[in-house]
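Shown here: work.tsv, TSV, C-alpha atoms.
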```tsv
chain	number	residue	atom	x	y	z
A	1	MET	CA	80.50	109.45	74.85
A	2	SER	CA	80.31	109.62	78.62
A	3	ALA	CA	79.36	112.91	80.24
A	4	VAL	CA	81.74	112.20	83.15
A	5	ASN	CA	85.22	110.68	82.89
A	6	ILE	CA	87.62	109.70	85.64
A	7	THR	CA	90.93	111.25	84.68
A	8	ASN	CA	93.05	109.90	87.55
A	9	VAL	CA	92.85	107.86	90.74
A	10	THR	CA	95.78	107.94	93.16
A	11	VAL	CA	95.87	105.48	96.04
A	12	LEU	CA	97.15	107.30	99.12
A	13	ASP	CA	98.78	105.71	102.19
A	14	ASN	CA	99.75	102.50	100.41
A	15	PRO	CA	100.90	100.05	101.64
A	16	ALA	CA	99.23	100.52	105.00
A	17	ALA	CA	98.11	98.66	108.08
A	18	PHE	CA	94.95	96.61	107.47
A	19	LEU	CA	93.04	98.70	110.02
A	20	ASN	CA	93.99	102.08	108.51
A	21	PRO	CA	91.35	103.98	106.52
A	22	PHE	CA	91.45	103.76	102.72
A	23	GLN	CA	92.22	107.01	100.90
A	24	PHE	CA	91.92	107.74	97.19
A	25	GLU	CA	92.51	111.04	95.42
A	26	ILE	CA	90.03	111.04	92.55
A	27	SER	CA	90.15	113.44	89.60
A	28	TYR	CA	87.32	113.57	87.09
A	29	GLU	CA	85.85	115.81	84.44
A	30	CYS	CA	82.31	116.66	83.46
A	31	LEU	CA	82.07	117.31	79.71
A	32	ILE	CA	78.41	118.25	79.29
A	33	PRO	CA	75.84	119.83	81.62
A	34	LEU	CA	73.96	117.31	83.75
A	35	GLU	CA	70.34	117.61	84.82
A	36	ASP	CA	69.62	120.65	87.00
A	37	GLY	CA	69.09	119.85	90.67
A	38	GLU	CA	70.08	116.18	90.33
A	39	CYS	CA	73.70	116.53	89.34
A	40	TYR	CA	75.34	114.53	92.12
A	41	LEU	CA	77.62	111.56	91.62
A	42	GLU	CA	77.49	108.64	94.05
A	43	TRP	CA	80.88	107.11	94.79
A	44	LYS	CA	81.15	103.77	96.61
A	45	LEU	CA	84.03	101.72	97.95
A	46	ILE	CA	83.38	97.99	98.35
A	47	TYR	CA	85.69	95.44	99.97
A	48	VAL	CA	85.28	91.90	98.65
A	49	GLY	CA	85.54	89.75	101.75
A	50	SER	CA	85.43	86.36	100.04
A	51	ALA	CA	85.85	85.20	96.46
A	52	GLU	CA	83.32	82.41	97.05
A	53	ASP	CA	80.56	84.23	98.95
A	54	GLU	CA	79.39	87.78	98.25
A	55	THR	CA	77.62	87.99	101.61
A	56	TYR	CA	81.05	88.78	103.08
A	57	ASP	CA	81.45	91.88	100.88
A	58	GLN	CA	81.35	95.17	102.78
A	59	LEU	CA	80.25	98.58	101.57
A	60	LEU	CA	82.94	100.70	103.23
A	61	GLU	CA	81.63	104.12	102.20
A	62	SER	CA	79.08	105.74	99.94
A	63	VAL	CA	79.18	109.50	99.32
A	64	LEU	CA	77.35	111.96	97.11
A	65	VAL	CA	79.63	114.50	95.43
A	66	GLY	CA	78.31	117.58	93.72
A	67	PRO	CA	76.74	119.54	92.38
A	68	VAL	CA	78.65	118.67	89.23
A	69	ASN	CA	78.84	121.26	86.49
A	70	VAL	CA	81.01	121.26	83.38
A	71	GLY	CA	84.65	121.33	84.50
A	72	ASN	CA	87.44	119.42	86.24
A	73	TYR	CA	87.17	118.18	89.82
A	74	ARG	CA	89.36	116.51	92.43
A	75	PHE	CA	88.62	115.20	95.93
A	76	VAL	CA	89.96	112.73	98.48
A	77	PHE	CA	87.64	109.80	99.14
A	78	GLN	CA	88.28	108.25	102.56
A	79	ALA	CA	86.67	105.10	103.89
A	80	ASP	CA	86.99	103.06	107.05
A	81	PRO	CA	88.74	99.70	106.71
A	82	PRO	CA	86.64	96.54	106.52
A	83	ASP	CA	85.38	95.07	109.77
A	84	PRO	CA	87.58	91.98	110.26
A	85	LEU	CA	84.81	90.33	112.31
A	86	LYS	CA	82.69	90.24	109.12
A	87	ILE	CA	85.39	88.41	107.14
A	88	ARG	CA	86.05	84.70	107.52
A	89	GLU	CA	89.34	84.17	109.32
A	90	GLU	CA	90.79	82.21	106.38
A	91	ASP	CA	90.03	85.09	103.98
A	92	ILE	CA	91.81	87.90	105.86
A	93	ILE	CA	95.31	86.90	104.71
A	94	GLY	CA	95.81	86.66	100.96
A	95	VAL	CA	94.56	88.42	97.85
A	96	THR	CA	91.17	90.10	97.56
A	97	VAL	CA	89.53	92.88	95.55
A	98	LEU	CA	88.55	96.48	96.27
A	99	LEU	CA	85.91	98.11	94.03
A	100	LEU	CA	85.53	101.85	93.50
A	101	THR	CA	82.30	102.65	91.67
A	102	CYS	CA	80.56	105.78	90.46
A	103	SER	CA	76.87	106.17	89.63
A	104	TYR	CA	74.62	108.92	88.36
A	105	LEU	CA	70.88	108.81	89.15
A	106	GLY	CA	71.29	105.23	90.39
A	107	GLN	CA	73.06	104.06	87.21
A	108	GLU	CA	76.60	102.78	87.66
A	109	PHE	CA	78.79	104.02	84.81
A	110	ILE	CA	82.30	103.14	85.96
A	111	ARG	CA	83.91	100.53	88.18
A	112	VAL	CA	87.59	100.48	89.10
A	113	GLY	CA	88.80	97.23	90.60
A	114	TYR	CA	92.05	96.79	92.49
A	115	TYR	CA	93.71	93.64	93.74
A	116	VAL	CA	94.70	93.91	97.39
A	117	ASN	CA	97.31	91.70	99.00
A	118	ASN	CA	96.95	91.28	102.77
A	119	ASP	CA	99.89	89.73	104.59
A	120	TYR	CA	101.75	89.99	107.86
A	121	ASP	CA	104.16	92.88	108.33
A	122	ASP	CA	106.78	90.52	109.82
A	123	GLU	CA	108.71	87.82	107.96
A	124	GLN	CA	108.55	85.40	110.92
A	125	LEU	CA	104.73	85.73	111.01
A	126	ARG	CA	104.56	85.22	107.24
A	127	GLU	CA	106.65	82.03	107.46
A	128	GLU	CA	104.91	80.68	110.57
A	129	PRO	CA	101.42	82.24	110.69
A	130	PRO	CA	99.65	81.98	114.04
A	131	GLN	CA	96.47	79.90	114.28
A	132	LYS	CA	94.38	83.00	114.94
A	133	VAL	CA	94.96	85.95	112.60
A	134	LEU	CA	96.63	88.91	114.31
A	135	VAL	CA	94.75	91.66	112.46
A	136	ASP	CA	96.82	94.43	114.03
A	137	ARG	CA	99.92	92.90	112.36
A	138	VAL	CA	98.36	92.58	108.89
A	139	GLN	CA	99.46	94.99	106.19
A	140	ARG	CA	97.50	95.62	103.02
A	141	ASN	CA	99.06	96.49	99.69
A	142	ILE	CA	96.73	97.77	96.97
A	143	LEU	CA	98.15	96.97	93.53
A	144	ALA	CA	97.47	100.54	92.43
A	145	ASP	CA	99.36	100.37	89.15
A	146	LYS	CA	97.14	97.60	87.75
A	147	PRO	CA	93.50	98.69	88.13
A	148	ARG	CA	90.76	96.98	86.14
A	149	VAL	CA	88.49	99.69	84.74
A	150	THR	CA	85.03	98.78	83.44
A	151	LYS	CA	82.78	101.40	81.87
A	152	PHE	CA	79.04	101.03	81.36
A	153	PRO	CA	76.85	103.08	79.02
A	154	ILE	CA	74.13	105.00	80.83
A	155	ASN	CA	71.69	107.73	79.95
A	156	PHE	CA	73.00	110.93	81.55
A	157	HIS	CA	69.81	112.74	80.45
A	158	PRO	CA	66.88	110.49	81.42
A	159	GLU	CA	64.39	113.31	80.78
A	160	ASN	CA	65.11	112.80	77.06
A	161	ASN	CA	64.54	109.05	77.29
A	162	GLU	CA	61.05	109.08	75.79
A	163	GLN	CA	61.96	111.47	72.97
A	164	SER	CA	65.14	109.77	71.72
A	165	GLU	CA	66.56	106.30	71.52
A	166	GLN	CA	69.22	105.10	73.94
A	167	ALA	CA	72.70	105.70	72.57
A	168	PRO	CA	74.60	102.56	71.56
A	169	PRO	CA	77.34	101.33	73.90
A	170	SER	CA	80.50	103.40	73.81
A	171	THR	CA	83.54	102.00	72.05
A	172	GLU	CA	85.27	102.03	75.45
A	173	ILE	CA	83.15	99.07	76.54
A	174	SER	CA	83.63	95.48	75.51
A	175	GLU	CA	80.50	93.98	74.04
A	176	THR	CA	80.12	91.55	76.92
A	177	GLU	CA	79.96	94.35	79.47
A	178	GLU	CA	76.96	96.35	78.25
A	179	GLN	CA	75.09	96.06	81.55
A	180	PRO	CA	76.74	96.12	84.96
A	181	PRO	CA	76.12	93.11	87.12
A	182	PRO	CA	73.73	94.01	89.92
A	183	LEU	CA	75.47	95.28	93.01
A	184	HIS	CA	74.48	93.38	96.09
A	185	HIS	CA	75.59	96.14	98.40
A	186	HIS	CA	72.88	98.25	99.98
A	187	PRO	CA	74.06	100.53	102.78
A	188	SER	CA	70.60	100.90	104.31
A	189	GLU	CA	69.86	97.19	104.55
```
Hey, can you dump this file as structure tokens for me?
Amino acid sequence: MSAVNITNVTVLDNPAAFLNPFQFEISYECLIPLEDGECYLEWKLIYVGSAEDETYDQLLESVLVGPVNVGNYRFVFQADPPDPLKIREEDIIGVTVLLLTCSYLGQEFIRVGYYVNNDYDDEQLREEPPQKVLVDRVQRNILADKPRVTKFPINFHPENNEQSEQAPPSTEISETEEQPPPLHHHPSE
């Protein structure tokens, strides 16, 4: 059983211009007390800039939310849009992925993935795209009704780690997803 569950994520301002900030209203619940003094959740929003090369991925925002006590919570998570200069020109138009993650004490326990379709806001531009992408005419559409949610088992009480065995993976997780793939996004690097 997870100590923290996301109960709802609403994508705000969607569809929107490519250069508009992202906004998500996130609701979650904390079911059991977390460690005193360290009960902050880290939320990240990551834009996948290229399906072939993760070096084009951009960490759009990382925030600590808390302290988190037992109860229900809701907040609006806002992040700047991706920097189009850090995306290959051929990857701006088309489908990509946006990842919303949450971690506790450096352990990612949930990842919500959304497909994002970027296309011109004008039919003529869609039919006859210019040679150079006109970013100010690109509109993004997050496919908010079809998120891919992946949950990872973590130890919410690491101080008990030496005294008890790690709990088995939750039934919410497929057996192939016991450990999250390493994130290659480090905001300080």
For this session: Within 10 Å of stretch 82-84 of chain A, counting only C-alpha atoms, which residues show up once you throw out same-chain ones fewer than 5 positions away? Write them as a list in words, please.
Result: Phe18, Leu19, Asn20, Pro21, Phe22, Ile46, Tyr47, Val48, Gly49, Asp57, Gln58, Leu59, Leu60, Glu89, Asp91, Ile92, Val133 and Val135 of chain A
For this session: Work out how far apart atom CA of A:Asp145 and atom CA of A:Ala51 are and give it in Å to one decimal.
Result: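 These atoms are spaced 21.6 Å apart.
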For this session: In the coordinate frame of the file, compute which residues have an atom within 10 Å of (71.9, 114.0, 86.2) when using all atoms listed in the file, and state them as number ranges by chain.
Result: A: 3, 33-41, 67-68, 103-106, 155-159
For this session: Just give me the gap between atom CA of A:Lys86 and atom CA of A:Asn141 in Å, one decimal is fine.
Result: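 Atom CA of A:Asn141 lies 19.9 Å from atom CA of A:Lys86.
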Exercise. If you measure from atom CA of A:Leu64 to atom CA of A:Gln78, what distance in Å do you get, rounded to one decimal?
Worked result: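 Rounded to one decimal, the two atoms are 12.8 Å apart.
Among A:Arg140, A:Thr10, A:Ile87, A:Thr150, the residue with the shortest atom-to-atom distance to A:Glu54, counting all atoms listed in the file, is A:Ile87.
Among the candidates A:Ala16, A:Val4, A:Val9, A:Val97, the residue lying nearest to A:Asp136 is A:Ala16 (atoms considered: only C-alpha atoms).
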Exercise. Residues at most 10 Å from A:Arg126, counting all atoms listed in the file, excluding those fewer than 6 positions away in the same chain, as a list in words?
Worked result: Ile93, Asp119, Tyr120 and Val138 of chain A
For this session: Find the spatial neighbours of A:Phe75, counting only C-alpha atoms, within a cut-off of 10 Å - ignore same-chain residues fewer than 6 positions away - and output them as a ChimeraX atom specification.
Result: /A:9,24-28,65
For this session: Tell me which protein, DNA and RNA residues are within 6 Å of stretch 111-116 of chain A, counting all atoms listed in the file, leaving out same-chain ones fewer than 6 positions away, and put them as a VMD selection string.
Result: chain A and resid 95 to 101 141 to 143 147 to 150
For this session: Within 6 Å of A:Trp43, counting only C-alpha atoms, which residues show up once you throw out same-chain ones fewer than 2 positions away? Write them as a PyMOL selection string, please.
Result: chain A and resi 62-63+101-102
Problem set entry | Among listed residues A:Phe109, A:Asn118, A:Tyr73, A:Ala144, nearest A:Gln23 (using all atoms listed in the file) |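 The answer is A:Ala144, which sits nearest to A:Gln23.
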Please complete stretch 97-108 of chain A so it has all heavy atoms, and hand it over as a PDB file, in the coordinates of the input.
```pdb
ATOM      1  N   VAL A  97      89.823  91.816  96.513  1.00  0.00           N
ATOM      2  CA  VAL A  97      89.530  92.880  95.550  1.00  0.00           C
ATOM      3  C   VAL A  97      88.854  94.042  96.260  1.00  0.00           C
ATOM      4  O   VAL A  97      88.061  93.851  97.181  1.00  0.00           O
ATOM      5  CB  VAL A  97      88.611  92.330  94.421  1.00  0.00           C
ATOM      6  CG1 VAL A  97      88.134  93.439  93.498  1.00  0.00           C
ATOM      7  CG2 VAL A  97      89.328  91.253  93.628  1.00  0.00           C
ATOM      8  N   LEU A  98      89.170  95.239  95.811  1.00  0.00           N
ATOM      9  CA  LEU A  98      88.550  96.480  96.270  1.00  0.00           C
ATOM     10  C   LEU A  98      87.907  97.118  95.046  1.00  0.00           C
ATOM     11  O   LEU A  98      88.548  97.231  93.997  1.00  0.00           O
ATOM     12  CB  LEU A  98      89.630  97.380  96.855  1.00  0.00           C
ATOM     13  CG  LEU A  98      89.223  98.564  97.690  1.00  0.00           C
ATOM     14  CD1 LEU A  98      88.459  98.124  98.939  1.00  0.00           C
ATOM     15  CD2 LEU A  98      90.449  99.361  98.091  1.00  0.00           C
ATOM     16  N   LEU A  99      86.628  97.513  95.158  1.00  0.00           N
ATOM     17  CA  LEU A  99      85.910  98.110  94.030  1.00  0.00           C
ATOM     18  C   LEU A  99      85.544  99.554  94.336  1.00  0.00           C
ATOM     19  O   LEU A  99      84.920  99.837  95.361  1.00  0.00           O
ATOM     20  CB  LEU A  99      84.623  97.330  93.742  1.00  0.00           C
ATOM     21  CG  LEU A  99      84.791  95.863  93.362  1.00  0.00           C
ATOM     22  CD1 LEU A  99      83.439  95.173  93.291  1.00  0.00           C
ATOM     23  CD2 LEU A  99      85.534  95.736  92.045  1.00  0.00           C
ATOM     24  N   LEU A 100      85.919 100.445  93.449  1.00  0.00           N
ATOM     25  CA  LEU A 100      85.530 101.850  93.500  1.00  0.00           C
ATOM     26  C   LEU A 100      84.540 102.059  92.369  1.00  0.00           C
ATOM     27  O   LEU A 100      84.861 101.790  91.208  1.00  0.00           O
ATOM     28  CB  LEU A 100      86.761 102.745  93.314  1.00  0.00           C
ATOM     29  CG  LEU A 100      86.509 104.244  93.210  1.00  0.00           C
ATOM     30  CD1 LEU A 100      85.990 104.798  94.537  1.00  0.00           C
ATOM     31  CD2 LEU A 100      87.793 104.962  92.797  1.00  0.00           C
ATOM     32  N   THR A 101      83.312 102.475  92.705  1.00  0.00           N
ATOM     33  CA  THR A 101      82.300 102.650  91.670  1.00  0.00           C
ATOM     34  C   THR A 101      81.764 104.076  91.686  1.00  0.00           C
ATOM     35  O   THR A 101      81.832 104.770  92.696  1.00  0.00           O
ATOM     36  CB  THR A 101      81.106 101.680  91.864  1.00  0.00           C
ATOM     37  OG1 THR A 101      80.361 102.065  93.028  1.00  0.00           O
ATOM     38  CG2 THR A 101      81.569 100.230  91.996  1.00  0.00           C
ATOM     39  N   CYS A 102      81.210 104.484  90.545  1.00  0.00           N
ATOM     40  CA  CYS A 102      80.560 105.780  90.460  1.00  0.00           C
ATOM     41  C   CYS A 102      79.258 105.621  89.693  1.00  0.00           C
ATOM     42  O   CYS A 102      79.212 104.935  88.664  1.00  0.00           O
ATOM     43  CB  CYS A 102      81.462 106.805  89.787  1.00  0.00           C
ATOM     44  SG  CYS A 102      80.799 108.487  89.928  1.00  0.00           S
ATOM     45  N   SER A 103      78.204 106.249  90.227  1.00  0.00           N
ATOM     46  CA  SER A 103      76.870 106.170  89.630  1.00  0.00           C
ATOM     47  C   SER A 103      76.283 107.569  89.501  1.00  0.00           C
ATOM     48  O   SER A 103      76.621 108.478  90.263  1.00  0.00           O
ATOM     49  CB  SER A 103      75.931 105.342  90.518  1.00  0.00           C
ATOM     50  OG  SER A 103      76.434 104.049  90.714  1.00  0.00           O
ATOM     51  N   TYR A 104      75.375 107.692  88.544  1.00  0.00           N
ATOM     52  CA  TYR A 104      74.620 108.920  88.360  1.00  0.00           C
ATOM     53  C   TYR A 104      73.151 108.541  88.255  1.00  0.00           C
ATOM     54  O   TYR A 104      72.790 107.676  87.451  1.00  0.00           O
ATOM     55  CB  TYR A 104      75.088 109.650  87.093  1.00  0.00           C
ATOM     56  CG  TYR A 104      74.291 110.896  86.788  1.00  0.00           C
ATOM     57  CD1 TYR A 104      74.372 112.011  87.618  1.00  0.00           C
ATOM     58  CD2 TYR A 104      73.451 110.963  85.689  1.00  0.00           C
ATOM     59  CE1 TYR A 104      73.636 113.161  87.352  1.00  0.00           C
ATOM     60  CE2 TYR A 104      72.723 112.105  85.410  1.00  0.00           C
ATOM     61  CZ  TYR A 104      72.821 113.201  86.247  1.00  0.00           C
ATOM     62  OH  TYR A 104      72.094 114.331  85.988  1.00  0.00           O
ATOM     63  N   LEU A 105      72.316 109.124  89.094  1.00  0.00           N
ATOM     64  CA  LEU A 105      70.880 108.810  89.150  1.00  0.00           C
ATOM     65  C   LEU A 105      70.643 107.308  89.277  1.00  0.00           C
ATOM     66  O   LEU A 105      69.785 106.736  88.613  1.00  0.00           O
ATOM     67  CB  LEU A 105      70.165 109.371  87.910  1.00  0.00           C
ATOM     68  CG  LEU A 105      70.176 110.890  87.767  1.00  0.00           C
ATOM     69  CD1 LEU A 105      69.485 111.306  86.474  1.00  0.00           C
ATOM     70  CD2 LEU A 105      69.514 111.568  88.960  1.00  0.00           C
ATOM     71  N   GLY A 106      71.449 106.651  90.121  1.00  0.00           N
ATOM     72  CA  GLY A 106      71.290 105.230  90.390  1.00  0.00           C
ATOM     73  C   GLY A 106      71.837 104.317  89.309  1.00  0.00           C
ATOM     74  O   GLY A 106      71.691 103.102  89.393  1.00  0.00           O
ATOM     75  N   GLN A 107      72.493 104.856  88.298  1.00  0.00           N
ATOM     76  CA  GLN A 107      73.060 104.060  87.210  1.00  0.00           C
ATOM     77  C   GLN A 107      74.585 104.046  87.317  1.00  0.00           C
ATOM     78  O   GLN A 107      75.221 105.082  87.154  1.00  0.00           O
ATOM     79  CB  GLN A 107      72.684 104.660  85.848  1.00  0.00           C
ATOM     80  CG  GLN A 107      71.205 104.842  85.605  1.00  0.00           C
ATOM     81  CD  GLN A 107      71.000 105.625  84.317  1.00  0.00           C
ATOM     82  OE1 GLN A 107      70.967 105.037  83.240  1.00  0.00           O
ATOM     83  NE2 GLN A 107      70.902 106.944  84.427  1.00  0.00           N
ATOM     84  N   GLU A 108      75.150 102.883  87.583  1.00  0.00           N
ATOM     85  CA  GLU A 108      76.600 102.780  87.660  1.00  0.00           C
ATOM     86  C   GLU A 108      77.182 102.929  86.258  1.00  0.00           C
ATOM     87  O   GLU A 108      76.748 102.259  85.327  1.00  0.00           O
ATOM     88  CB  GLU A 108      77.005 101.419  88.248  1.00  0.00           C
ATOM     89  CG  GLU A 108      78.499 101.234  88.355  1.00  0.00           C
ATOM     90  CD  GLU A 108      78.890  99.874  88.901  1.00  0.00           C
ATOM     91  OE1 GLU A 108      78.062  99.212  89.550  1.00  0.00           O
ATOM     92  OE2 GLU A 108      80.033  99.476  88.647  1.00  0.00           O
TER      93      GLU A 108
END
```
